[in-house]
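J.: There's a structure below that I have some questions on.
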Amino acid sequence: MNRLLVVLLMISLLSINASAYGPRGHQLVGAIADQRLKQNHAIAVKVRALLDGLTLQRAATLPDEIKSWKCGTNPSGPNRIDRELQAFINANCGNKSSHTVFHYTDVPVAGNENYADGEIGRAEFDIVQMIPFCVRVLKGEVPETNNHAITKSIAVILLTHYLGDIHQPLHVGAEFFDGNAKPFHPTPANKGFEDQGGNKLTLFTFVNGKRVSAGKFHGYWDSQTVENAFGSTPNSKVAQRLAAKEPDEWKLTGGVETWAEQLANDLLPMAREAHERLQYKDIRIVPGEREITSGRADEKKQSGGTFYAIWASGIVKEEIHKGGWRLAALLEEALQ
Ligand SMILES: [Zn+2]
């Protein structure tokens, strides 16, 4: 391979989106829900009208795609959805309330906490808050002229994406390190240093008995696990199969506004195990910072246990399956 090709290949590998399930995971959640809603014509028609004919599979990746759009551009052009997306960006591009932070929450994985048990890592505009906000817009309880510029169409687009995100364990749980760079349970008095949902760590997993870099810990869960789970089977086939088979234990209880918190709590044990299977090395911290600078997360040697890659891809398979069914059910509840 010539040098230029190597450089180009490296750039393309590095630029894989490290925020939320990669495109494929999101597309699958949307595609399963598209299939499920074929059973409910009235809701499918409403969704199609709100999305100007886009499928949920297509809408699913828009909230990541717009991260590269400029804040403050005048919403114009012939496409209504594009204009509404631009208005949404313009209303949510401040430091604290940027739309880029709506995709996750960072509950500490140490200490067995549920979402409601503390404040560290949670935020006013995190995913557990934004999902019910979008639901209330769809129900007409929050006007479309709200401060976030979340119209009903934008609400469907965001929910389709966030339902994918919240089924990725590293979108609900994060590791925190103390001043000695050891993992610990943070307290309001000692918040420690966060790993940014695994974005600051490089994962090493076993391949043929040797630990090999699997790239960024967060990005691994976004993309590599999805490829490991579904391989070369086309999305349409995967979606058809998973939409036809009811997942175990996917149903949520109570009002649809409470589902996001239930989902976060449902995923937290997986987030904990995703970290407990690792040991940390070379954690770099800079006093005064909120996050670690970098570090290495090594798969622990297990005697007789499942390899990390196999365990993780099994989790992803189940969670994407449930995510698709739950997205369809959520839209049915919110749009009835
Ligand atoms: Zn996301």
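For the structure tokens, the naming scheme is as follows: chains receive sequential letters (A, B, ...) according to their order of presentation, residues are indexed from 1 within each chain, and ligands are indexed from 1 in presentation order.
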I want to know what sits within 10 Å of Ser294 in chain A, based on only C-alpha atoms, with residues of the same chain fewer than 4 positions away left out; could you give that as a PyMOL selection string?
T.: chain A and resi 195+198-202+281-285
J.: Would you please give, as a ChimeraX atom specification, all residues of range 5-175 of chain A that DSSP assigns to strand (DSSP E or B) based on the backbone?
T.: /A:107-108,173-174
J.: Please produce a file of the residues just selected, as a tab-separated table (two decimals), in the first residue's frame, where the atoms kept are N, CA and C atoms.
T.:
chain	number	residue	atom	x	y	z
A	107	VAL	N	-24.14	8.50	34.72
A	107	VAL	CA	-24.29	8.00	36.09
A	107	VAL	C	-23.03	7.20	36.45
A	108	PRO	N	-22.43	7.46	37.64
A	108	PRO	CA	-21.21	6.71	38.01
A	108	PRO	C	-21.49	5.21	38.05
A	173	GLY	N	-23.83	5.08	31.69
A	173	GLY	CA	-22.89	4.96	32.81
A	173	GLY	C	-21.49	5.40	32.44
A	174	ALA	N	-20.78	5.95	33.42
A	174	ALA	CA	-19.41	6.39	33.19
A	174	ALA	C	-18.53	6.05	34.39
J.: Nearest residue to ligand 1 out of A:Lys191, A:His218, A:Arg83, A:Lys301, using only C-alpha atoms and all ligand atoms?
T.: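 Among A:Lys191, A:His218, A:Arg83, A:Lys301, it is A:His218 that comes nearest to ligand 1.
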J.: Go through A:Ile150, A:Cys71, A:Val135, A:Ala59 and flag the residue nearest Ala33 in chain A, using only C-alpha atoms for the distances.
T.: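 Answer, going by the shortest atom-to-atom distance: A:Ala59.
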J.: Around ligand 1, at most 8 Å away and counting only C-alpha atoms and all ligand atoms, which residues are there? Put them as a tab-separated table (two decimals) with all heavy atoms, in the first residue's frame, please.
T.:
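The resulting file, result_27.tsv, is reproduced below:
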chain	number	residue	atom	x	y	z
A	19	SER	N	-19.92	9.10	18.85
A	19	SER	CA	-20.98	9.60	19.71
A	19	SER	C	-22.25	8.81	19.46
A	19	SER	O	-22.91	9.02	18.48
A	19	SER	CB	-21.23	11.07	19.40
A	19	SER	OG	-21.32	11.24	18.01
A	20	ALA	N	-22.52	7.89	20.35
A	20	ALA	CA	-23.75	7.10	20.24
A	20	ALA	C	-23.54	5.97	19.26
A	20	ALA	O	-22.61	6.01	18.49
A	20	ALA	CB	-24.89	7.95	19.74
A	21	TYR	N	-24.48	4.99	19.30
A	21	TYR	CA	-24.34	3.92	18.32
A	21	TYR	C	-23.93	4.55	17.00
A	21	TYR	O	-24.43	5.60	16.62
A	21	TYR	CB	-25.67	3.17	18.15
A	21	TYR	CG	-25.86	2.04	19.13
A	21	TYR	CD1	-27.04	1.90	19.84
A	21	TYR	CD2	-24.85	1.11	19.35
A	21	TYR	CE1	-27.21	0.87	20.74
A	21	TYR	CE2	-25.02	0.08	20.25
A	21	TYR	CZ	-26.20	-0.04	20.94
A	21	TYR	OH	-26.36	-1.07	21.83
A	63	PRO	N	-29.81	13.31	14.18
A	63	PRO	CA	-29.27	14.08	15.32
A	63	PRO	C	-27.74	14.00	15.46
A	63	PRO	O	-27.13	14.89	16.05
A	63	PRO	CB	-29.99	13.46	16.52
A	63	PRO	CG	-31.31	13.01	15.95
A	63	PRO	CD	-30.92	12.44	14.60
A	64	ASP	N	-27.11	12.95	14.92
A	64	ASP	CA	-25.64	12.93	14.88
A	64	ASP	C	-25.13	13.74	13.67
A	64	ASP	O	-24.14	14.45	13.78
A	64	ASP	CB	-25.11	11.50	14.79
A	64	ASP	CG	-24.98	10.85	16.17
A	64	ASP	OD1	-24.95	11.60	17.17
A	64	ASP	OD2	-24.91	9.62	16.24
A	100	THR	N	-25.71	18.73	21.56
A	100	THR	CA	-24.77	17.60	21.57
A	100	THR	C	-24.73	16.89	22.92
A	100	THR	O	-24.27	15.75	22.99
A	100	THR	CB	-23.33	18.05	21.21
A	100	THR	OG1	-22.93	19.02	22.17
A	100	THR	CG2	-23.27	18.66	19.82
A	102	PHE	N	-27.52	16.28	24.69
A	102	PHE	CA	-28.83	15.64	24.93
A	102	PHE	C	-28.78	14.12	24.77
A	102	PHE	O	-29.76	13.45	25.07
A	102	PHE	CB	-29.89	16.18	23.94
A	102	PHE	CG	-30.17	17.66	24.05
A	102	PHE	CD1	-30.93	18.29	23.06
A	102	PHE	CD2	-29.72	18.43	25.10
A	102	PHE	CE1	-31.22	19.65	23.13
A	102	PHE	CE2	-29.99	19.79	25.17
A	102	PHE	CZ	-30.75	20.40	24.18
A	103	HIS	N	-27.66	13.59	24.28
A	103	HIS	CA	-27.61	12.18	23.84
A	103	HIS	C	-27.25	11.18	24.95
A	103	HIS	O	-27.20	10.00	24.68
A	103	HIS	CB	-26.57	12.01	22.72
A	103	HIS	CG	-26.84	12.83	21.49
A	103	HIS	ND1	-26.92	12.28	20.23
A	103	HIS	CD2	-27.04	14.16	21.33
A	103	HIS	CE1	-27.15	13.24	19.34
A	103	HIS	NE2	-27.23	14.39	19.99
A	104	TYR	N	-26.91	11.65	26.14
A	104	TYR	CA	-26.38	10.71	27.15
A	104	TYR	C	-26.59	11.24	28.56
A	104	TYR	O	-26.94	12.41	28.77
A	104	TYR	CB	-24.87	10.50	26.92
A	104	TYR	CG	-24.08	11.78	27.00
A	104	TYR	CD1	-23.60	12.26	28.22
A	104	TYR	CD2	-23.84	12.56	25.86
A	104	TYR	CE1	-22.90	13.46	28.30
A	104	TYR	CE2	-23.14	13.75	25.93
A	104	TYR	CZ	-22.67	14.19	27.15
A	104	TYR	OH	-21.99	15.39	27.23
A	161	HIS	N	-33.59	8.71	17.52
A	161	HIS	CA	-32.15	8.63	17.79
A	161	HIS	C	-31.86	8.32	19.27
A	161	HIS	O	-31.06	7.43	19.58
A	161	HIS	CB	-31.49	9.96	17.40
A	161	HIS	CG	-30.02	9.97	17.60
A	161	HIS	ND1	-29.14	9.45	16.66
A	161	HIS	CD2	-29.25	10.37	18.64
A	161	HIS	CE1	-27.91	9.57	17.11
A	161	HIS	NE2	-27.94	10.12	18.30
A	162	TYR	N	-32.51	9.04	20.17
A	162	TYR	CA	-32.21	8.86	21.60
A	162	TYR	C	-32.58	7.46	22.09
A	162	TYR	O	-31.95	6.94	23.01
A	162	TYR	CB	-32.95	9.91	22.45
A	162	TYR	CG	-32.58	11.36	22.17
A	162	TYR	CD1	-33.45	12.40	22.51
A	162	TYR	CD2	-31.36	11.70	21.58
A	162	TYR	CE1	-33.13	13.73	22.27
A	162	TYR	CE2	-31.05	13.03	21.32
A	162	TYR	CZ	-31.93	14.04	21.67
A	162	TYR	OH	-31.62	15.36	21.43
A	164	GLY	N	-32.10	4.85	20.48
A	164	GLY	CA	-30.90	4.07	20.17
A	164	GLY	C	-29.81	4.35	21.21
A	164	GLY	O	-29.27	3.43	21.82
A	165	ASP	N	-29.54	5.62	21.44
A	165	ASP	CA	-28.48	6.00	22.39
A	165	ASP	C	-28.67	5.37	23.77
A	165	ASP	O	-27.72	4.85	24.35
A	165	ASP	CB	-28.45	7.53	22.56
A	165	ASP	CG	-27.73	8.22	21.42
A	165	ASP	OD1	-27.01	7.55	20.67
A	165	ASP	OD2	-27.90	9.46	21.30
J.: Which is closer to Pro269 in chain A than all the others in A:His167, A:Lys237, A:Arg80, A:His41, using only C-alpha atoms?
T.: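 Among A:His167, A:Lys237, A:Arg80, A:His41, it is A:His167 that comes nearest to Pro269 in chain A.
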J.: Using only C-alpha atoms, which residue out of A:Leu268, A:Leu50, A:Ala244, A:Ala229 lies closest to Ile154 in chain A?
T.: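 Among A:Leu268, A:Leu50, A:Ala244, A:Ala229, it is A:Leu50 that comes nearest to Ile154 in chain A.
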J.: Would you pick out the contacts of Leu263 in chain A at 10 Å or less, using only C-alpha atoms, so that residues sharing its chain but fewer than 5 positions from it are not included, and give the list as a ChimeraX atom specification?
T.: /A:115,128,163,166-167,172,250,252,258,268,323,326
J.: Name the closest residue to Phe217 in chain A among the candidates A:Tyr308, A:Ala149, A:Val256, A:Ile127; distances are taken between atoms, counting only C-alpha atoms.
T.: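 Once distances to Phe217 in chain A are computed over only C-alpha atoms, the minimum belongs to A:Tyr308.
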